[in-house]
file entry.pdb (PDB, C-alpha atoms)
MODEL        1
ATOM      1  CA  ARG S   1     -47.177-109.724-162.042
ATOM      2  CA  ASN S   2     -44.719-109.753-164.921
ATOM      3  CA  ASP S   3     -45.348-113.466-165.560
ATOM      4  CA  LEU S   4     -49.109-112.939-165.432
ATOM      5  CA  GLU S   5     -48.980-110.073-167.945
ATOM      6  CA  GLU S   6     -46.839-112.142-170.302
ATOM      7  CA  ALA S   7     -49.260-115.063-170.034
ATOM      8  CA  LEU S   8     -52.211-112.749-170.672
ATOM      9  CA  GLU S   9     -50.480-111.209-173.687
ATOM     10  CA  ARG S  10     -49.815-114.648-175.166
ATOM     11  CA  GLY S  11     -53.410-115.713-174.472
ATOM     12  CA  ILE S  12     -52.361-118.621-172.261
ATOM     13  CA  VAL S  13     -54.403-117.395-169.288
ATOM     14  CA  PRO S  14     -57.964-116.165-169.917
ATOM     15  CA  TRP S  15     -58.268-112.635-168.593
ATOM     16  CA  GLY S  16     -62.018-112.768-167.997
ATOM     17  CA  GLY S  17     -63.083-110.429-170.783
ATOM     18  CA  PRO S  18     -66.175-111.161-172.854
ATOM     19  CA  PRO S  19     -65.580-113.571-175.726
ATOM     20  CA  ALA S  20     -65.818-111.842-179.062
ATOM     21  CA  ALA S  21     -66.885-113.890-182.037
ATOM     22  CA  GLY S  22     -64.628-113.688-185.050
ATOM     23  CA  THR S  23     -61.840-111.766-183.333
ATOM     24  CA  GLY S  24     -58.226-112.496-182.712
ATOM     25  CA  SER S  25     -57.169-116.124-182.589
ATOM     26  CA  GLY S  26     -60.226-118.339-182.685
ATOM     27  CA  GLY S  27     -62.647-115.841-181.137
ATOM     28  CA  VAL S  28     -60.482-115.187-178.080
ATOM     29  CA  THR S  29     -60.330-111.590-176.920
ATOM     30  CA  PRO S  30     -56.691-110.517-176.656
ATOM     31  CA  TRP S  31     -55.223-108.897-173.550
ATOM     32  CA  LEU S  32     -56.221-105.233-173.768
ATOM     33  CA  GLY S  33     -54.015-103.927-170.985
ATOM     34  CA  GLN S  34     -55.375-101.990-168.059
ATOM     35  CA  PHE S  35     -56.478 -98.510-167.073
ATOM     36  CA  VAL S  36     -54.640 -96.936-164.174
ATOM     37  CA  GLY S  37     -55.418 -93.384-163.160
ATOM     38  CA  GLY S  38     -57.228 -92.738-166.449
ATOM     39  CA  LEU S  39     -54.271 -93.950-168.563
ATOM     40  CA  TRP S  40     -54.197 -97.029-170.763
ATOM     41  CA  GLN S  41     -51.231 -99.196-169.852
ATOM     42  CA  ILE S  42     -50.172-101.931-172.225
ATOM     43  CA  ARG S  43     -46.820-103.259-173.320
ATOM     44  CA  PRO S  44     -45.703-102.296-176.815
ATOM     45  CA  ARG S  45     -45.618-105.879-178.057
ATOM     46  CA  ALA S  46     -49.296-106.382-177.060
ATOM     47  CA  ALA S  47     -50.523-103.002-178.289
ATOM     48  CA  THR S  48     -50.825-103.870-181.995
ATOM     49  CA  ARG S  49     -52.977-106.921-181.321
ATOM     50  CA  ALA S  50     -55.148-105.010-178.814
ATOM     51  CA  ILE S  51     -55.652-102.036-181.140
ATOM     52  CA  SER S  52     -56.474-104.345-184.063
ATOM     53  CA  HIS S  53     -59.043-106.113-181.886
ATOM     54  CA  VAL S  54     -60.656-102.851-180.738
ATOM     55  CA  LEU S  55     -60.798-101.504-184.309
ATOM     56  CA  GLY S  56     -62.295-104.796-185.493
ATOM     57  CA  ARG S  57     -65.047-104.562-182.883
ATOM     58  CA  LEU S  58     -65.719-100.905-183.744
ATOM     59  CA  GLU S  59     -65.969-101.853-187.415
ATOM     60  CA  ALA S  60     -68.336-104.738-186.594
ATOM     61  CA  LEU S  61     -70.554-102.279-184.708
ATOM     62  CA  GLY S  62     -70.539 -99.924-187.707
ATOM     63  CA  LEU S  63     -68.831 -97.131-185.781
ATOM     64  CA  VAL S  64     -65.741 -96.974-188.008
ATOM     65  CA  ALA S  65     -64.903 -97.931-191.570
ATOM     66  CA  LEU S  66     -61.534 -99.153-192.774
ATOM     67  CA  VAL S  67     -60.356 -97.328-195.899
ATOM     68  CA  GLN S  68     -58.069 -99.398-198.087
ATOM     69  CA  PRO S  69     -54.917 -97.834-199.605
ATOM     70  CA  SER S  70     -56.409 -98.252-203.096
ATOM     71  CA  GLN S  71     -59.338 -96.032-202.031
ATOM     72  CA  SER S  72     -57.363 -93.414-200.126
ATOM     73  CA  GLY S  73     -54.195 -93.124-202.173
ATOM     74  CA  LYS S  74     -52.179 -93.554-198.975
ATOM     75  CA  GLU S  75     -49.661 -96.285-198.268
ATOM     76  CA  LYS S  76     -51.492 -97.718-195.260
ATOM     77  CA  GLU S  77     -55.037 -98.549-194.313
ATOM     78  CA  LEU S  78     -56.935 -95.632-192.740
ATOM     79  CA  VAL S  79     -59.782 -95.620-190.241
ATOM     80  CA  ALA S  80     -62.753 -93.307-190.792
ATOM     81  CA  ILE S  81     -65.332 -92.584-188.122
ATOM     82  CA  ASN S  82     -68.913 -93.219-189.226
ATOM     83  CA  ASN S  83     -71.139 -90.391-188.085
ATOM     84  CA  HIS S  84     -74.730 -91.279-187.352
ATOM     85  CA  TYR S  85     -77.043 -88.301-187.544
ATOM     86  CA  ALA S  86     -80.654 -88.306-186.528
ATOM     87  CA  THR S  87     -83.197 -85.707-187.475
ATOM     88  CA  GLY S  88     -85.182 -84.364-184.616
ATOM     89  CA  GLU S  89     -86.301 -81.263-182.860
ATOM     90  CA  PRO S  90     -84.281 -78.060-183.249
ATOM     91  CA  PHE S  91     -82.135 -77.069-180.332
ATOM     92  CA  ALA S  92     -84.067 -75.291-177.624
ATOM     93  CA  VAL S  93     -82.191 -72.018-178.132
ATOM     94  CA  GLN S  94     -82.927 -71.950-181.859
ATOM     95  CA  ARG S  95     -86.579 -72.813-181.254
ATOM     96  CA  ARG S  96     -86.944 -70.050-178.647
ATOM     97  CA  LEU S  97     -85.309 -67.506-180.974
ATOM     98  CA  ALA S  98     -87.647 -68.499-183.814
ATOM     99  CA  GLU S  99     -90.685 -68.243-181.522
ATOM    100  CA  LYS S 100     -89.520 -64.846-180.254
ATOM    101  CA  ALA S 101     -89.074 -63.542-183.820
ATOM    102  CA  SER S 102     -92.518 -64.856-184.726
ATOM    103  CA  ARG S 103     -94.093 -63.097-181.725
ATOM    104  CA  ARG S 104     -92.311 -59.860-182.644
ATOM    105  CA  SER S 105     -93.557 -59.934-186.228
ATOM    106  CA  ARG S 106     -97.128 -60.682-185.056
ATOM    107  CA  ALA S 107     -96.928 -57.810-182.554
ATOM    108  CA  ALA S 108     -95.579 -55.456-185.236
ATOM    109  CA  ARG S 109     -98.415 -56.398-187.599
ATOM    110  CA  SER S 110    -100.913 -55.945-184.803
ATOM    111  CA  ARG S 111     -99.518 -52.476-184.028
ATOM    112  CA  GLN S 112     -99.661 -51.515-187.691
ATOM    113  CA  ASP S 113    -103.268 -52.690-187.910
ATOM    114  CA  THR S 114    -104.354 -50.799-184.787
ATOM    115  CA  GLU S 115    -102.451 -47.645-185.682
ATOM    116  CA  GLY S 116    -104.022 -47.581-189.112
ATOM    117  CA  GLY S 117    -101.591 -46.371-191.805
ATOM    118  CA  GLY S 118    -100.009 -43.792-189.487
ATOM    119  CA  GLU S 119     -96.602 -45.266-189.962
ATOM    120  CA  GLU S 120     -94.779 -42.174-188.772
ATOM    121  CA  ASP S 121     -96.738 -42.218-185.497
ATOM    122  CA  GLY S 122     -94.698 -43.899-182.806
ATOM    123  CA  MET S 123     -91.493 -43.201-184.697
ATOM    124  CA  GLU S 124     -90.870 -39.834-183.139
ATOM    125  CA  GLY S 125     -87.606 -39.791-181.280
ATOM    126  CA  LEU S 126     -86.019 -42.339-183.647
ATOM    127  CA  ALA S 127     -83.083 -41.449-185.848
ATOM    128  CA  GLU S 128     -83.838 -41.212-189.559
ATOM    129  CA  ILE S 129     -81.808 -44.334-190.274
ATOM    130  CA  GLU S 130     -83.904 -46.308-187.751
ATOM    131  CA  LYS S 131     -87.112 -45.039-189.356
ATOM    132  CA  GLU S 132     -85.814 -46.142-192.766
ATOM    133  CA  ARG S 133     -84.835 -49.526-191.351
ATOM    134  CA  LEU S 134     -88.328 -50.041-189.892
ATOM    135  CA  ARG S 135     -89.961 -49.015-193.193
ATOM    136  CA  ASN S 136     -87.737 -51.507-195.062
ATOM    137  CA  MET S 137     -88.637 -54.245-192.603
ATOM    138  CA  ALA S 138     -92.346 -53.512-193.014
ATOM    139  CA  ARG S 139     -91.983 -53.507-196.810
ATOM    140  CA  ASN S 140     -90.101 -56.822-196.751
ATOM    141  CA  GLN S 141     -92.642 -58.343-194.368
ATOM    142  CA  GLU S 142     -95.481 -57.281-196.689
ATOM    143  CA  LEU S 143     -93.652 -58.816-199.670
ATOM    144  CA  LEU S 144     -93.201 -62.093-197.755
ATOM    145  CA  ARG S 145     -96.905 -62.037-196.837
ATOM    146  CA  GLN S 146     -97.869 -61.542-200.500
ATOM    147  CA  LEU S 147     -95.666 -64.487-201.481
ATOM    148  CA  GLY S 148     -97.280 -66.605-198.779
ATOM    149  CA  LEU S 149     -94.037 -67.023-196.854
ATOM    150  CA  ALA S 150     -94.989 -65.064-193.744
TER     151      ALA S 150
ENDMDL
END

call {"tool": "encode", "arguments": {"input": "entry.pdb", "output": "structure tokens"}}
result
Amino acid sequence: RNDLEEALERGIVPWGGPPAAGTGSGGVTPWLGQFVGGLWQIRPRAATRAISHVLGRLEALGLVALVQPSQSGKEKELVAINNHYATGEPFAVQRRLAEKASRRSRAARSRQDTEGGGEEDGMEGLAEIEKERLRNMARNQELLRQLGLA
């Protein structure tokens, strides 16, 4: 096993990995070690070459960017992860909350319309601060409606 690992590390014996164009020595994929029990096992002398190969492939795929020392102000090259965001539908929870708020405001307007201006009706049993809060909400909702935002 020791001889095989040394031969794989030197690239003498092909390890059966996919050939990667433009990587390592002449397009040959270097020995990347092995996973045992969820852990990456590789000898220290092969690690640098393997990590360089993996970073090169990630860069070729556009998943990372190498930041040169002149750009970062650091002594060594840095690796930055490229985030790829896609616009789409809002999360289900946010959408449901927005729909619920919309239904509440429609129901409140409907109640106000059916009750006719009797704003104090239906407020009996509420604390004064709650009555004031509801009046402020109604006033703000009316302002939004006048501005065309509600």

call {"tool": "atom_distance", "arguments": {"input": "entry.pdb", "atom1": "atom CA of S:Asn83", "atom2": "atom CA of S:Leu61"}}
result
12.4 Å

call {"tool": "residues_near_point", "arguments": {"input": "entry.pdb", "point": "(-96.8, -52.5, -190.6)", "cutoff": "6 Å", "atoms": "all atoms listed in the file", "output": "VMD selection string"}}
result
chain S and resid 109 112 138

call {"tool": "closest_residue", "arguments": {"input": "entry.pdb", "among": "S:Glu99, S:Ala80, S:Ala7, S:Thr29", "to": "S:Ala50", "atoms": "only C-alpha atoms"}}
result
S:Thr29

call {"tool": "atom_distance", "arguments": {"input": "entry.pdb", "atom1": "atom CA of S:Arg104", "atom2": "atom CA of S:Glu142"}}
result
14.6 Å

call {"tool": "atom_distance", "arguments": {"input": "entry.pdb", "atom1": "atom CA of S:Glu77", "atom2": "atom CA of S:Ile42"}}
result
22.9 Å

call {"tool": "axis_aligned_box", "arguments": {"input": "entry.pdb", "around": "stretch 131-148 of chain S", "padding_each_side": "4 Å", "output": "AutoDock Vina command-line options"}}
result
--center_x -91.4 --center_y -55.8 --center_z -195.4 --size_x 21.0 --size_y 29.6 --size_z 20.1

call {"tool": "resolve_selection", "arguments": {"input": "entry.pdb", "expression": "the PyMOL selection byres ((chain S and resi 49) around 10)", "output": "list in words"}}
result
Glu9, Gly24, Thr29, Pro30, Trp31, Leu32, Pro44, Arg45, Ala46, Ala47, Thr48, Ala50, Ile51, Ser52, His53, Val54 and Leu55 of chain S

call {"tool": "resolve_selection", "arguments": {"input": "entry.pdb", "expression": "the PyMOL selection byres ((chain S and resi 65) around 6)", "output": "PyMOL selection string"}}
result
chain S and resi 59+64+66+79-80

call {"tool": "residues_around", "arguments": {"input": "entry.pdb", "residues": "S:Leu78", "least_positions_apart": "2", "cutoff": "10 Å", "atoms": "only C-alpha atoms", "output": "ChimeraX atom specification"}}
result
/S:65-69,71-72,74-76,80

call {"tool": "write_last_selection", "arguments": {"input": "entry.pdb", "atoms": "C-alpha atoms", "output": "PDB file, in the coordinates of the input"}}
result
ATOM      1  CA  ALA S  65     -64.903 -97.931-191.570  1.00  0.00           C
ATOM      2  CA  LEU S  66     -61.534 -99.153-192.774  1.00  0.00           C
ATOM      3  CA  VAL S  67     -60.356 -97.328-195.899  1.00  0.00           C
ATOM      4  CA  GLN S  68     -58.069 -99.398-198.087  1.00  0.00           C
ATOM      5  CA  PRO S  69     -54.917 -97.834-199.605  1.00  0.00           C
ATOM      6  CA  GLN S  71     -59.338 -96.032-202.031  1.00  0.00           C
ATOM      7  CA  SER S  72     -57.363 -93.414-200.126  1.00  0.00           C
ATOM      8  CA  LYS S  74     -52.179 -93.554-198.975  1.00  0.00           C
ATOM      9  CA  GLU S  75     -49.661 -96.285-198.268  1.00  0.00           C
ATOM     10  CA  LYS S  76     -51.492 -97.718-195.260  1.00  0.00           C
ATOM     11  CA  ALA S  80     -62.753 -93.307-190.792  1.00  0.00           C
TER      12      ALA S  80
END

call {"tool": "build_atoms", "arguments": {"input": "entry.pdb", "residues": "stretch 48-69 of chain S", "atoms": "N, CA, C and O atoms", "output": "compact mmCIF listing (two decimals), in the frame of the given file"}}
result
# COMPACT_ATOMS: atom_id res chain seq x y z
N THR S 48 -50.34 -103.70 -180.63
CA THR S 48 -50.82 -103.87 -182.00
C THR S 48 -52.01 -104.82 -182.04
O THR S 48 -53.01 -104.53 -182.67
N ARG S 49 -51.88 -105.94 -181.35
CA ARG S 49 -52.98 -106.92 -181.32
C ARG S 49 -54.22 -106.34 -180.65
O ARG S 49 -55.34 -106.51 -181.11
N ALA S 50 -54.02 -105.60 -179.54
CA ALA S 50 -55.15 -105.01 -178.81
C ALA S 50 -55.84 -103.95 -179.67
O ALA S 50 -57.07 -103.92 -179.76
N ILE S 51 -55.06 -103.09 -180.31
CA ILE S 51 -55.65 -102.04 -181.14
C ILE S 51 -56.38 -102.65 -182.33
O ILE S 51 -57.48 -102.21 -182.68
N SER S 52 -55.80 -103.67 -182.94
CA SER S 52 -56.47 -104.34 -184.06
C SER S 52 -57.80 -104.94 -183.61
O SER S 52 -58.80 -104.86 -184.33
N HIS S 53 -57.81 -105.53 -182.42
CA HIS S 53 -59.04 -106.11 -181.89
C HIS S 53 -60.10 -105.03 -181.66
O HIS S 53 -61.26 -105.18 -182.06
N VAL S 54 -59.71 -103.94 -181.03
CA VAL S 54 -60.66 -102.85 -180.74
C VAL S 54 -61.20 -102.27 -182.04
O VAL S 54 -62.41 -102.06 -182.18
N LEU S 55 -60.34 -102.02 -183.02
CA LEU S 55 -60.80 -101.50 -184.31
C LEU S 55 -61.73 -102.49 -185.01
O LEU S 55 -62.72 -102.10 -185.63
N GLY S 56 -61.42 -103.77 -184.90
CA GLY S 56 -62.30 -104.80 -185.49
C GLY S 56 -63.68 -104.77 -184.88
O GLY S 56 -64.70 -104.88 -185.57
N ARG S 57 -63.74 -104.62 -183.56
CA ARG S 57 -65.05 -104.56 -182.88
C ARG S 57 -65.80 -103.28 -183.26
O ARG S 57 -67.00 -103.30 -183.47
N LEU S 58 -65.08 -102.16 -183.35
CA LEU S 58 -65.72 -100.90 -183.74
C LEU S 58 -66.26 -100.99 -185.17
O LEU S 58 -67.34 -100.48 -185.47
N GLU S 59 -65.51 -101.66 -186.03
CA GLU S 59 -65.97 -101.85 -187.42
C GLU S 59 -67.20 -102.75 -187.44
O GLU S 59 -68.17 -102.48 -188.16
N ALA S 60 -67.19 -103.83 -186.65
CA ALA S 60 -68.34 -104.74 -186.59
C ALA S 60 -69.59 -104.02 -186.10
O ALA S 60 -70.71 -104.33 -186.52
N LEU S 61 -69.42 -103.05 -185.22
CA LEU S 61 -70.55 -102.28 -184.71
C LEU S 61 -70.98 -101.17 -185.66
O LEU S 61 -71.97 -100.48 -185.42
N GLY S 62 -70.21 -100.96 -186.73
CA GLY S 62 -70.54 -99.92 -187.71
C GLY S 62 -70.13 -98.53 -187.27
O GLY S 62 -70.59 -97.54 -187.83
N LEU S 63 -69.25 -98.44 -186.28
CA LEU S 63 -68.83 -97.13 -185.78
C LEU S 63 -67.63 -96.56 -186.53
O LEU S 63 -67.42 -95.35 -186.51
N VAL S 64 -66.86 -97.42 -187.18
CA VAL S 64 -65.74 -96.97 -188.01
C VAL S 64 -65.75 -97.77 -189.30
O VAL S 64 -66.35 -98.84 -189.39
N ALA S 65 -65.07 -97.23 -190.29
CA ALA S 65 -64.90 -97.93 -191.57
C ALA S 65 -63.42 -97.93 -191.90
O ALA S 65 -62.74 -96.92 -191.71
N LEU S 66 -62.93 -99.06 -192.37
CA LEU S 66 -61.53 -99.15 -192.77
C LEU S 66 -61.44 -98.75 -194.24
O LEU S 66 -62.18 -99.25 -195.08
N VAL S 67 -60.54 -97.84 -194.54
CA VAL S 67 -60.36 -97.33 -195.90
C VAL S 67 -59.07 -97.92 -196.44
O VAL S 67 -57.99 -97.69 -195.91
N GLN S 68 -59.21 -98.71 -197.50
CA GLN S 68 -58.07 -99.40 -198.09
C GLN S 68 -57.15 -98.41 -198.82
O GLN S 68 -57.61 -97.37 -199.30
N PRO S 69 -55.86 -98.72 -198.91
CA PRO S 69 -54.92 -97.83 -199.60
C PRO S 69 -55.34 -97.53 -201.04
O PRO S 69 -55.13 -96.41 -201.52
